[in-house]
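Below is final10.csv, holding CSV, C-alpha atoms.
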chain,number,residue,atom,x,y,z
A,1,MET,CA,67.4,94.2,84.4
A,2,THR,CA,64.2,92.3,84.2
A,3,ASN,CA,61.4,92.7,81.6
A,4,THR,CA,59.3,94.3,84.4
A,5,ASP,CA,62.0,96.9,85.2
A,6,SER,CA,62.4,97.7,81.5
A,7,PHE,CA,58.6,98.1,81.1
A,8,ASP,CA,58.4,100.3,84.2
A,9,LYS,CA,61.1,102.6,82.8
A,10,LYS,CA,59.2,102.9,79.5
A,11,ILE,CA,56.0,103.8,81.3
A,12,LEU,CA,57.8,106.3,83.5
A,13,ASN,CA,59.5,107.9,80.5
A,14,SER,CA,56.2,108.0,78.6
A,15,THR,CA,54.5,109.6,81.5
A,16,LYS,CA,57.1,112.3,81.6
A,17,ALA,CA,56.8,112.7,77.8
A,18,PHE,CA,53.0,113.1,78.1
A,19,SER,CA,53.5,115.8,80.8
A,20,THR,CA,55.9,117.6,78.5
A,21,LEU,CA,53.3,117.4,75.6
A,22,GLN,CA,50.4,118.5,77.8
A,23,THR,CA,52.4,121.4,79.2
A,24,PHE,CA,53.4,122.6,75.8
A,25,LEU,CA,49.9,122.4,74.4
A,26,GLU,CA,48.5,124.3,77.3
A,27,GLU,CA,51.2,127.0,77.4
A,28,ASP,CA,51.1,127.5,73.6
A,29,GLU,CA,47.3,127.8,73.8
A,30,TRP,CA,46.3,124.8,71.7
A,31,HIS,CA,43.5,124.1,74.3
A,32,PRO,CA,44.0,120.3,74.5
A,33,ARG,CA,41.2,118.0,75.4
A,34,SER,CA,41.9,114.7,77.1
A,35,GLN,CA,40.1,111.5,76.1
A,36,GLU,CA,38.7,109.0,78.6
A,37,GLU,CA,39.3,106.0,76.4
A,38,ASP,CA,43.0,106.9,75.9
A,39,PRO,CA,44.8,108.7,78.8
A,40,PHE,CA,47.8,109.4,76.6
A,41,LEU,CA,45.9,111.2,73.8
A,42,LEU,CA,45.2,114.9,73.6
A,43,CYS,CA,43.0,116.5,71.0
A,44,SER,CA,43.2,120.1,69.7
A,45,THR,CA,42.2,122.2,66.7
A,46,PHE,CA,44.5,124.3,64.5
A,47,SER,CA,43.4,127.1,62.2
A,48,GLY,CA,45.8,127.6,59.4
A,49,LYS,CA,45.8,129.8,56.3
A,50,HIS,CA,43.7,127.3,54.3
A,51,GLY,CA,41.4,125.7,57.0
A,52,ARG,CA,40.8,124.4,60.4
A,53,THR,CA,42.1,120.9,61.2
A,54,SER,CA,41.8,118.5,64.1
A,55,VAL,CA,45.1,117.6,65.8
A,56,TYR,CA,45.6,114.4,67.8
A,57,SER,CA,48.8,114.2,69.8
A,58,ARG,CA,49.5,110.8,71.4
A,59,ILE,CA,52.2,109.2,73.5
A,60,ILE,CA,52.4,105.5,72.7
A,61,GLU,CA,53.6,104.5,76.2
A,62,ASP,CA,54.8,100.9,75.7
A,63,ASN,CA,57.0,101.7,72.7
A,64,GLU,CA,57.9,105.3,73.6
A,65,TRP,CA,56.7,107.0,70.5
A,66,PHE,CA,55.2,110.5,70.0
A,67,LEU,CA,52.5,110.5,67.4
A,68,VAL,CA,50.9,113.5,65.7
A,69,LEU,CA,47.8,113.1,63.5
A,70,VAL,CA,46.4,116.1,61.6
A,71,PHE,CA,42.9,115.4,60.2
A,72,THR,CA,41.3,117.3,57.3
A,73,PRO,CA,38.0,119.1,58.1
A,74,PHE,CA,36.2,116.7,55.6
A,75,GLU,CA,36.0,113.1,54.6
A,76,VAL,CA,36.7,112.1,51.0
A,77,PRO,CA,33.6,111.0,49.1
A,78,ALA,CA,33.9,107.4,47.8
A,79,ASP,CA,33.9,108.6,44.1
A,80,ARG,CA,37.0,110.8,44.7
A,81,ARG,CA,39.1,108.4,46.9
A,82,LEU,CA,41.2,107.0,44.0
A,83,ALA,CA,42.1,110.5,42.7
A,84,VAL,CA,42.9,111.6,46.3
A,85,ALA,CA,45.0,108.4,46.8
A,86,GLU,CA,47.1,109.4,43.7
A,87,PHE,CA,47.4,113.0,45.1
A,88,LEU,CA,48.6,111.6,48.5
A,89,SER,CA,51.1,109.3,46.7
A,90,ARG,CA,52.5,112.3,44.8
A,91,ALA,CA,52.6,114.4,47.9
A,92,ASN,CA,54.3,111.7,50.0
A,93,TYR,CA,57.0,111.2,47.5
A,94,GLY,CA,58.4,114.7,48.1
A,95,LEU,CA,58.0,114.8,51.8
A,96,ASN,CA,61.1,114.6,54.1
A,97,PHE,CA,59.1,113.5,57.2
A,98,GLY,CA,55.7,112.1,57.9
A,99,ALA,CA,53.1,111.0,55.4
A,100,PHE,CA,49.5,111.4,54.4
A,101,GLN,CA,47.2,108.6,54.9
A,102,MET,CA,43.6,107.9,54.0
A,103,ASP,CA,41.1,105.3,55.3
A,104,HIS,CA,39.6,103.9,52.1
A,105,ARG,CA,36.6,102.6,54.0
A,106,ASP,CA,35.3,106.0,55.1
A,107,GLY,CA,37.5,108.7,53.4
A,108,GLU,CA,39.1,109.9,56.7
A,109,LEU,CA,42.2,111.7,55.7
A,110,ALA,CA,45.2,112.7,57.9
A,111,PHE,CA,48.9,113.7,57.9
A,112,ARG,CA,50.8,111.4,60.3
A,113,ARG,CA,54.2,112.0,61.9
A,114,SER,CA,55.9,110.0,64.7
A,115,ILE,CA,59.0,110.3,66.7
A,116,ASN,CA,60.7,107.6,68.8
A,117,PHE,CA,62.0,108.8,72.1
A,118,ALA,CA,63.0,105.5,73.6
A,119,GLY,CA,65.3,105.9,76.5
A,120,MET,CA,65.5,109.7,75.9
A,121,GLU,CA,63.6,112.7,77.3
A,122,LEU,CA,61.0,114.1,74.9
A,123,ARG,CA,61.9,117.7,74.8
A,124,THR,CA,59.6,120.7,74.4
A,125,GLU,CA,61.5,121.8,71.2
A,126,THR,CA,60.8,118.4,69.7
A,127,VAL,CA,57.1,118.6,70.5
A,128,ARG,CA,56.9,122.1,69.1
A,129,GLY,CA,58.7,121.2,65.9
A,130,ALA,CA,56.6,118.0,65.3
A,131,LEU,CA,53.3,119.8,65.8
A,132,TYR,CA,54.0,122.9,63.9
A,133,SER,CA,55.7,121.1,61.0
A,134,SER,CA,52.8,118.7,60.8
A,135,VAL,CA,50.0,121.3,60.7
A,136,GLY,CA,52.1,123.3,58.3
A,137,VAL,CA,52.3,120.4,55.8
A,138,MET,CA,48.6,119.8,56.1
A,139,ASP,CA,47.9,123.5,55.6
A,140,THR,CA,50.2,123.6,52.5
A,141,TYR,CA,48.5,120.7,50.8
A,142,LEU,CA,44.9,121.4,51.9
A,143,PRO,CA,44.1,123.6,48.9
A,144,GLY,CA,45.2,120.8,46.5
A,145,LEU,CA,43.3,118.2,48.4
A,146,MET,CA,40.1,120.3,48.2
A,147,ALA,CA,40.7,120.9,44.5
A,148,VAL,CA,40.8,117.2,43.9
A,149,VAL,CA,37.8,116.4,46.2
A,150,TYR,CA,35.5,119.3,45.3
A,151,GLY,CA,36.9,120.9,42.1
A,152,GLY,CA,37.4,117.8,40.0
A,153,MET,CA,41.1,118.7,39.5
A,154,THR,CA,43.4,115.8,38.7
A,155,ALA,CA,46.0,114.8,41.3
A,156,GLU,CA,48.8,115.9,38.9
A,157,GLU,CA,47.3,119.3,38.4
A,158,ALA,CA,46.6,119.8,42.1
A,159,ILE,CA,50.2,118.8,43.1
A,160,ALA,CA,51.6,121.2,40.5
A,161,LYS,CA,49.4,124.0,41.8
A,162,VAL,CA,50.4,123.3,45.5
A,163,GLU,CA,54.1,123.1,44.7
A,164,ASN,CA,54.1,126.3,42.6
A,165,ALA,CA,52.2,128.2,45.3
A,166,GLU,CA,54.7,126.9,47.9
A,167,LYS,CA,57.7,128.1,45.8
A,168,VAL,CA,56.1,131.5,45.4
A,169,GLU,CA,55.3,131.7,49.1
A,170,ASN,CA,58.8,130.6,50.1
A,171,ALA,CA,60.3,133.2,47.8
A,172,GLU,CA,58.1,136.0,49.2
A,173,THR,CA,58.9,135.1,52.8
A,174,ALA,CA,62.6,134.4,52.4
A,175,ASP,CA,64.9,136.3,54.6
A,176,VAL,CA,67.3,137.6,51.9
A,177,SER,CA,69.9,140.2,52.6
A,178,PRO,CA,71.3,142.3,49.8
A,179,GLU,CA,74.8,141.4,48.6
A,180,PRO,CA,77.4,143.8,50.0
A,181,SER,CA,79.1,146.1,47.5
A,182,ASP,CA,82.8,145.7,46.8
A,183,ASP,CA,83.7,148.6,49.1
A,184,GLU,CA,81.8,147.0,52.0
A,185,LEU,CA,83.7,143.7,51.8
A,186,PRO,CA,86.6,143.3,54.2
A,187,ASN,CA,90.1,143.4,52.8

Can the structure in the file be given as structure tokens, please?
Amino acid sequence: MTNTDSFDKKILNSTKAFSTLQTFLEEDEWHPRSQEEDPFLLCSTFSGKHGRTSVYSRIIEDNEWFLVLVFTPFEVPADRRLAVAEFLSRANYGLNFGAFQMDHRDGELAFRRSINFAGMELRTETVRGALYSSVGVMDTYLPGLMAVVYGGMTAEEAIAKVENAEKVENAETADVSPEPSDDELPN
């Protein structure tokens, strides 16, 4: 197989992946908007429990990557960037996937997740999982970020607040069945 054949397969696979992404976003009512400058980029918004975020979903065609970026509804002021950088470092340490990132030049803040689908079909379930988990992480940490940016809270205090709130929320929404009594157990 020549380099041209390999490149053509990547582009074909990426085109199919973009179609899967676009179909999911449309059917799930994310109301995606395409971008003239990048034909493999779709922009949406998501309203979570703690705020409305901008979501960029992109297929990186030459490397067969699916990228999700979830942006905060605010930019971090220059005088709060070091405190937010500490918050992000603390948050990233405990994450199983993806990472927060901040542009120190302008305070732009996002959660980033990427999935390589080289040589494989990008499935709808993968798109759904990547998008919803990414906006979920941002929505979970958004109150802590806002506390550091606007409330003057330290990064350590804000992370503790977020993690404690998450533990309480997980306990409240856990699907827990009662233990069976001894007479309900099989012999």

Record the distance separating atom CA of A:Val76 and atom CA of A:Glu156, expressed in Å with one decimal.
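Pair atom CA of A:Val76 / atom CA of A:Glu156 returns 17.5 Å.
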
Which stretch 97-119 of chain A residues have any atom within 9 Å of an atom of stretch 10-27 of chain A, and for each, what is the nearest pair of atoms with distance in Å to one decimal, counting only C-alpha atoms, rows sorted by chain and number, as a Markdown table?
| residue | atom | partner | partner_atom | distance |
| --- | --- | --- | --- | --- |
| A:Phe117 | CA | A:Ala17 | CA | 8.6 |
| A:Ala118 | CA | A:Lys10 | CA | 7.5 |
| A:Gly119 | CA | A:Asn13 | CA | 7.3 |

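Relative to atom CA of A:Thr72, atom CA of A:Phe100 is found at 10.5 Å.
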
Residues within 9 Å of stretch 36-50 of chain A, please, as an MDAnalysis selection string. Count all atoms listed in the file; anything in the same chain fewer than 3 positions from it doesn't count.
chainID A and resid 14:15 18 21:22 25 30:33 53:61 70 135:136 138:143

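Taking atom CA of A:Trp65 and atom CA of A:Tyr132 as the two end points, the separation is 17.4 Å.
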
10 Å contact set for A:Tyr150, all atoms listed in the file, chain neighbours under 6 positions out, as a list in words
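Contacts, with the query itself left out: Val76, Pro77, Arg80 and Gly144 of chain A.
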
Hey, which of A:Gly129, A:Gly51, A:Gly107, A:Gly94 ends up closest to A:Val68? Count all atoms listed in the file.
A:Gly129

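Using all atoms listed in the file, the nearest neighbour of A:Glu121 within the list A:Glu64, A:Glu75, A:Ser34, A:Arg52 is A:Glu64.
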
Measuring between only C-alpha atoms, which one of A:Ala91, A:Leu69, A:Leu131, A:Ala165 shows the shortest distance to A:Leu145?
A:Ala91

Report as a PyMOL selection string all protein, DNA and RNA residues lying within 12 Å of A:Asp79, evaluated on only C-alpha atoms, omitting residues in the same chain fewer than 6 positions from it.
chain A and resi 85+104-107+148-150+152

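With distances taken over all atoms listed in the file, A:Lys161 is the one residue among A:Lys161, A:Arg112, A:Arg128, A:Lys9 lying closest to A:Phe87.
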
Please complete stretch 105-129 of chain A so it has N, CA and C atoms, and hand it over as a PDB file, in the coordinates of the input.
ATOM      1  N   ARG A 105      37.923 103.043  53.616  1.00  0.00           N
ATOM      2  CA  ARG A 105      36.600 102.600  54.000  1.00  0.00           C
ATOM      3  C   ARG A 105      35.634 103.833  54.190  1.00  0.00           C
ATOM      4  N   ASP A 106      36.141 104.920  54.808  1.00  0.00           N
ATOM      5  CA  ASP A 106      35.300 106.000  55.100  1.00  0.00           C
ATOM      6  C   ASP A 106      35.767 107.398  54.596  1.00  0.00           C
ATOM      7  N   GLY A 107      36.957 107.419  54.000  1.00  0.00           N
ATOM      8  CA  GLY A 107      37.500 108.700  53.400  1.00  0.00           C
ATOM      9  C   GLY A 107      38.163 109.564  54.454  1.00  0.00           C
ATOM     10  N   GLU A 108      38.381 109.073  55.686  1.00  0.00           N
ATOM     11  CA  GLU A 108      39.100 109.900  56.700  1.00  0.00           C
ATOM     12  C   GLU A 108      40.516 110.103  56.196  1.00  0.00           C
ATOM     13  N   LEU A 109      40.972 111.354  56.316  1.00  0.00           N
ATOM     14  CA  LEU A 109      42.200 111.700  55.700  1.00  0.00           C
ATOM     15  C   LEU A 109      43.076 112.482  56.787  1.00  0.00           C
ATOM     16  N   ALA A 110      44.359 112.100  56.908  1.00  0.00           N
ATOM     17  CA  ALA A 110      45.200 112.700  57.900  1.00  0.00           C
ATOM     18  C   ALA A 110      46.669 112.769  57.447  1.00  0.00           C
ATOM     19  N   PHE A 111      47.419 113.674  58.056  1.00  0.00           N
ATOM     20  CA  PHE A 111      48.900 113.700  57.900  1.00  0.00           C
ATOM     21  C   PHE A 111      49.401 113.087  59.233  1.00  0.00           C
ATOM     22  N   ARG A 112      50.344 112.172  59.129  1.00  0.00           N
ATOM     23  CA  ARG A 112      50.800 111.400  60.300  1.00  0.00           C
ATOM     24  C   ARG A 112      52.356 111.629  60.416  1.00  0.00           C
ATOM     25  N   ARG A 113      52.777 111.920  61.634  1.00  0.00           N
ATOM     26  CA  ARG A 113      54.200 112.000  61.900  1.00  0.00           C
ATOM     27  C   ARG A 113      54.453 111.358  63.280  1.00  0.00           C
ATOM     28  N   SER A 114      55.535 110.602  63.388  1.00  0.00           N
ATOM     29  CA  SER A 114      55.900 110.000  64.700  1.00  0.00           C
ATOM     30  C   SER A 114      57.354 110.124  64.948  1.00  0.00           C
ATOM     31  N   ILE A 115      57.646 110.188  66.234  1.00  0.00           N
ATOM     32  CA  ILE A 115      59.000 110.300  66.700  1.00  0.00           C
ATOM     33  C   ILE A 115      59.271 109.365  67.829  1.00  0.00           C
ATOM     34  N   ASN A 116      60.320 108.566  67.705  1.00  0.00           N
ATOM     35  CA  ASN A 116      60.700 107.600  68.800  1.00  0.00           C
ATOM     36  C   ASN A 116      61.575 108.343  69.763  1.00  0.00           C
ATOM     37  N   PHE A 117      61.207 108.227  71.047  1.00  0.00           N
ATOM     38  CA  PHE A 117      62.000 108.800  72.100  1.00  0.00           C
ATOM     39  C   PHE A 117      62.461 107.798  73.128  1.00  0.00           C
ATOM     40  N   ALA A 118      62.588 106.545  72.682  1.00  0.00           N
ATOM     41  CA  ALA A 118      63.000 105.500  73.600  1.00  0.00           C
ATOM     42  C   ALA A 118      64.259 105.758  74.317  1.00  0.00           C
ATOM     43  N   GLY A 119      64.180 105.711  75.636  1.00  0.00           N
ATOM     44  CA  GLY A 119      65.300 105.900  76.500  1.00  0.00           C
ATOM     45  C   GLY A 119      65.835 107.353  76.531  1.00  0.00           C
ATOM     46  N   MET A 120      65.078 108.271  75.941  1.00  0.00           N
ATOM     47  CA  MET A 120      65.500 109.700  75.900  1.00  0.00           C
ATOM     48  C   MET A 120      64.312 110.534  76.442  1.00  0.00           C
ATOM     49  N   GLU A 121      64.636 111.731  76.835  1.00  0.00           N
ATOM     50  CA  GLU A 121      63.600 112.700  77.300  1.00  0.00           C
ATOM     51  C   GLU A 121      62.973 113.298  76.015  1.00  0.00           C
ATOM     52  N   LEU A 122      61.647 113.354  75.977  1.00  0.00           N
ATOM     53  CA  LEU A 122      61.000 114.100  74.900  1.00  0.00           C
ATOM     54  C   LEU A 122      60.985 115.544  75.272  1.00  0.00           C
ATOM     55  N   ARG A 123      61.684 116.322  74.451  1.00  0.00           N
ATOM     56  CA  ARG A 123      61.900 117.700  74.800  1.00  0.00           C
ATOM     57  C   ARG A 123      60.803 118.616  74.186  1.00  0.00           C
ATOM     58  N   THR A 124      60.570 119.741  74.820  1.00  0.00           N
ATOM     59  CA  THR A 124      59.600 120.700  74.400  1.00  0.00           C
ATOM     60  C   THR A 124      59.842 121.134  72.930  1.00  0.00           C
ATOM     61  N   GLU A 125      61.108 121.344  72.576  1.00  0.00           N
ATOM     62  CA  GLU A 125      61.500 121.800  71.200  1.00  0.00           C
ATOM     63  C   GLU A 125      61.055 120.705  70.194  1.00  0.00           C
ATOM     64  N   THR A 126      61.172 119.451  70.566  1.00  0.00           N
ATOM     65  CA  THR A 126      60.800 118.400  69.700  1.00  0.00           C
ATOM     66  C   THR A 126      59.275 118.356  69.489  1.00  0.00           C
ATOM     67  N   VAL A 127      58.536 118.537  70.572  1.00  0.00           N
ATOM     68  CA  VAL A 127      57.100 118.600  70.500  1.00  0.00           C
ATOM     69  C   VAL A 127      56.648 119.756  69.614  1.00  0.00           C
ATOM     70  N   ARG A 128      57.203 120.932  69.865  1.00  0.00           N
ATOM     71  CA  ARG A 128      56.900 122.100  69.100  1.00  0.00           C
ATOM     72  C   ARG A 128      57.136 121.886  67.595  1.00  0.00           C
ATOM     73  N   GLY A 129      58.330 121.399  67.292  1.00  0.00           N
ATOM     74  CA  GLY A 129      58.700 121.200  65.900  1.00  0.00           C
ATOM     75  C   GLY A 129      57.797 120.163  65.210  1.00  0.00           C
TER      76      GLY A 129
END
